[in-house]
Amino acid sequence: MKNIVLTTLISLGFVSAQAQSRQNKEDDFYRIITIPIPENIKMEVGGLQALPDGRLAASTRRGEVWMIGNPYLKGDGRPSFSRFASGLHEPLGLLYRGKDFLILSVVK
Amino acid sequence: MQKFIQKCSLLILACPIIALAQTGKGNYTPIPLKDLSTFEARSNNWSLAGNISTPPTGTSKPKISSGEGILVGTPGNPITTKFKAGDLGLSLEFMVSPGAEGYIILPGNQKIRISDSSREKEPNTLTSGYIGQFPVQNAAKAAGLWQTLELAYDASLPQIKNSARLNYLSLNGVTVLETVYLPTTTTISDAQPISLEVTKGSIAFRNIGYQLLASRKPVVLNNLTYKVYSDKWDSKTYTTVAHEGKSENFSQEVSKGMREFHLVYEGNMEVNEAGDYIFTTIYSGPVLELEIDGKNVVSSGESTSQETHMGTVNLSQGNHKFKVHYSRFPWRQPAMGLRVEKAGIRPYDLHVLSSLPEPEPKPYISVIPEMRPEMVRSFVFFDQEKYKRTHCISVGSPSGWNYTVDLSRGALLQAWRGQFANVTEMWYERGEPQLLSPAGLTTKISGKSSLAVLSNANAAWPDSSDINFLGYKLDKAGNPGFSYMVGSETVSDKMISDINGITRTFQIEGTGKGSVFSLLASGNDIVMVEKGLYQVDNRYYIRLDKKASAVLRNSGDQKELILPVTGTVSYTMFW
């Protein structure tokens with residue numbers, strides 16, 4: 001009796017597993033999209049700040065601060081990149097203070 | 001009588017077909033410029049004209065001829081439209097006089113700058129298209145040429161207080177701003193008019209059209225039933241039903257993850273407002289067809305969800321039967337989306353969000369000339385021709401003026417100002433198309449050979465003359481000089497870009513026999529602005545030596561400007 005019940009339960013389990021024809025992936029619920037970055041920009045990002053005018057400011061380990069326009073790829077899906085600052089010493093921290101940026105350098 | 005005239009003008013305003021002044025572009029409702037009745041409180045710095053022309057530089061006033069269809073403004077009070085909008089799309093053409101500055105003021109007092117800024121090397125607050133952020137590139141044309149501006153704007157956003165958003169701003173076909181959030185002092189809840197203002201010089205406007213973006217949903221789908229067939233993904237007919245049923249939503253997820261299927265949805269489309277509707281399909285698969293009342297509206301083949309396909313249909317009020325057939329690529333995730341739009345309402349989706357997953361971002365590979373000119377050999381698609389031009393070289397210069405030459409015909413195809421080249425179709429994955437596209441403000445020159453041997457100045461210009469490309473040499477700065485054998489003469493062709501434009505120099509090597517001509521321009525209308533300066537349609541200007549013997553002649557229904565090449569001749573193009 002117990003064997004019959006156990007076998008029925010296990011085979012029901014198998015059947016239901018096959019009826020679910022596709023496993024749900026993280027992609028179905030939380031989509032992660034990589035922004036296409038031009039080849040000539042080394043975007044080793046340390047700090048990120050979303051600006052109130054829609055742009056994304058990113059400070060990179062290469063000493064630059066880039067402003068990325070249309071970062072959510074709306075419209076025709078093309079972001080724009082414009083360099084805001086360069087020549088900094090590995091700025092890995094970035095804070096937007098309304099009128100300026102505050103950079104935190106890697107201090108050794 | 002007055003009431004009758006009022007009713008008639010209201011009717012004319014509401015029916016773009018009757019207003020013969022200009023036709024609405026695409027889905028835009030035009031503002032007729034027969035008189036200033038479509039604007040509030042006119043002040044005398046705004047007037048109507050039939051034609052206006054101004055040279056690209058200098059201080060002379062523009063030549064205006066009376067008539068209707070063009071709104072001309074001089075410094076003074078702004079002019080405000082009678083129509084009011086919150087969220088809107090706007091499309092207009094404008095022409096600036098040298099040194100002119102002005103603004104287009106959107107609801108919420110957001111000012112978009114338009115000015116004579118074609119000479120600015122880097123875009124800044126003075127460049128045309130500036131609002132809140134610098135434009136991505138300087139796409140302004142020179143004074144005296146008609147420029148197009150198209151934008152989409154949301155005066156208020158549901159989730160963010162005190163903020164408006166410029167969805168996109170496209171100047172002369174180049175998208176210069178996208179998704180810019182603009183702070184406003186208060187959240188705008190009511191519709192406001194738009195204004196045009198001129199602060200310096202003169203600016204002329206024409207073909208002004210607007211789109212109201214109300215958030216109504218006049219088309220609703222109901223009584224949806226679906227059938228999923230298990231035939232192969234690329235088979236033309238489908239007969240084996242795998243499962244079927246009723247559905248609350250319009251989605252491809254009813255296929256329950258099958259790898260190969262054909263999905264057919266049928267149902268009722270309830271239309272609450274009669275009119276012209278534009279249906280857009282976005283899908284990933286080999287086919288998607290939409291039929292309404294048995295007639296095909298949109299039908300397209302292989303596509304990915306990065307592209308859109310559109311079809312227009314006129315629907316009367318009431319219920320209509322519709323049918324959608326979709327199939328997926330087995331190796332890609334299924335995606336099916338259907339969007340609808342109509343003049344006066346914001347486009348909205350008829351599908352459920354999960355039916356159309358966010359597509360992979362489009363890759364973009366570009367070539368940027370840093371210190372020396374960059375040269376790229378590629379195929380180029382020119383002007384909707386059927387076949388690609390295969391022997392093309394594009395030269396990009398750090399000064400921002402770039403051009404493409406078809407070497408097999410010695411033809412200067414196009415020139416553009418701004419970012420150099422979009423070479424994604426050449427070097428992304430397999431790069432099979434091998435196409436280079438200009439990434440800036442492009443002007444088409446001509447598909448015909450630039451040099452030809454003519455028996456006299458009136459002989460017809462050949463599409464492809466007896467021209468052979470001999471090679472090119474680079475000078476110290478990196479600019480290439482091309483050598484051609486034209487007939488029995490050897491001619492060198494060198495184009496140098498500087499801040500003023502592209503200067504092209506032809507030189508006959510050795511002794512010439514004097515029958516080589518060069519084609520400077522070909523277009524519908526070539527006008528001599530002053531001695532030595534010609535305007536070609538609304539595309540570009542040509543500046544020559546005043547004493548040069550250029551010949552402006554007719555060729556069929558086009559005009560051509562040709563120059564005999566003896567010794568060394570040169571001219572400059574700019575726009």
# chains A, B, ... in the order shown; residues from 1 in each chain; ligands from 1
$ residues_around --residues "region 68-82 of chain A" --least-positions-apart "6" --cutoff "6 Å" --atoms "only C-alpha atoms" --output "list in words"
Arg55 and Leu56 of chain A; Glu178 and Thr179 of chain B
$ closest_atom_pairs --of "chain A" --to "chain B" --cutoff "6 Å" --atoms "only C-alpha atoms" --output "JSON lines"
{"residue": "A:Pro36", "atom": "CA", "partner": "B:Pro363", "partner_atom": "CA", "distance": 5.8}
{"residue": "A:Asp53", "atom": "CA", "partner": "B:Tyr181", "partner_atom": "CA", "distance": 4.2}
{"residue": "A:Gly54", "atom": "CA", "partner": "B:Tyr181", "partner_atom": "CA", "distance": 5.3}
{"residue": "A:Asn70", "atom": "CA", "partner": "B:Thr179", "partner_atom": "CA", "distance": 5.6}
$ atom_distance --atom1 "CA of Val106 (chain A)" --atom2 "CA of Thr34 (chain A)"
25.9 Å
$ residues_around --residues "region 74-90 of chain B" --least-positions-apart "2" --cutoff "7 Å" --atoms "only C-alpha atoms" --output "number ranges by chain"
B: 38-40, 42-43, 45-46, 72, 92, 107, 150-155, 190-203, 209-213
$ atom_distance --atom1 "CA of Asn109 (chain B)" --atom2 "CA of Ile188 (chain B)"
10.3 Å
$ atom_distance --atom1 "CA of Ala85 (chain A)" --atom2 "CA of Trp66 (chain A)"
7.1 Å
$ closest_residue --among "B:Pro32, B:Gly447, B:Pro480, B:Pro98" --to "Ala521 (chain B)" --atoms "only C-alpha atoms"
B:Gly447
$ closest_residue --among "A:Lys25, A:Lys99, A:Ile32, A:Ser105" --to "Ser59 (chain A)" --atoms "only C-alpha atoms"
A:Ser105
$ residues_around --residues "Gln434 (chain B)" --least-positions-apart "6" --cutoff "9 Å" --atoms "only C-alpha atoms" --output "number ranges by chain"
B: 378-380, 423-427
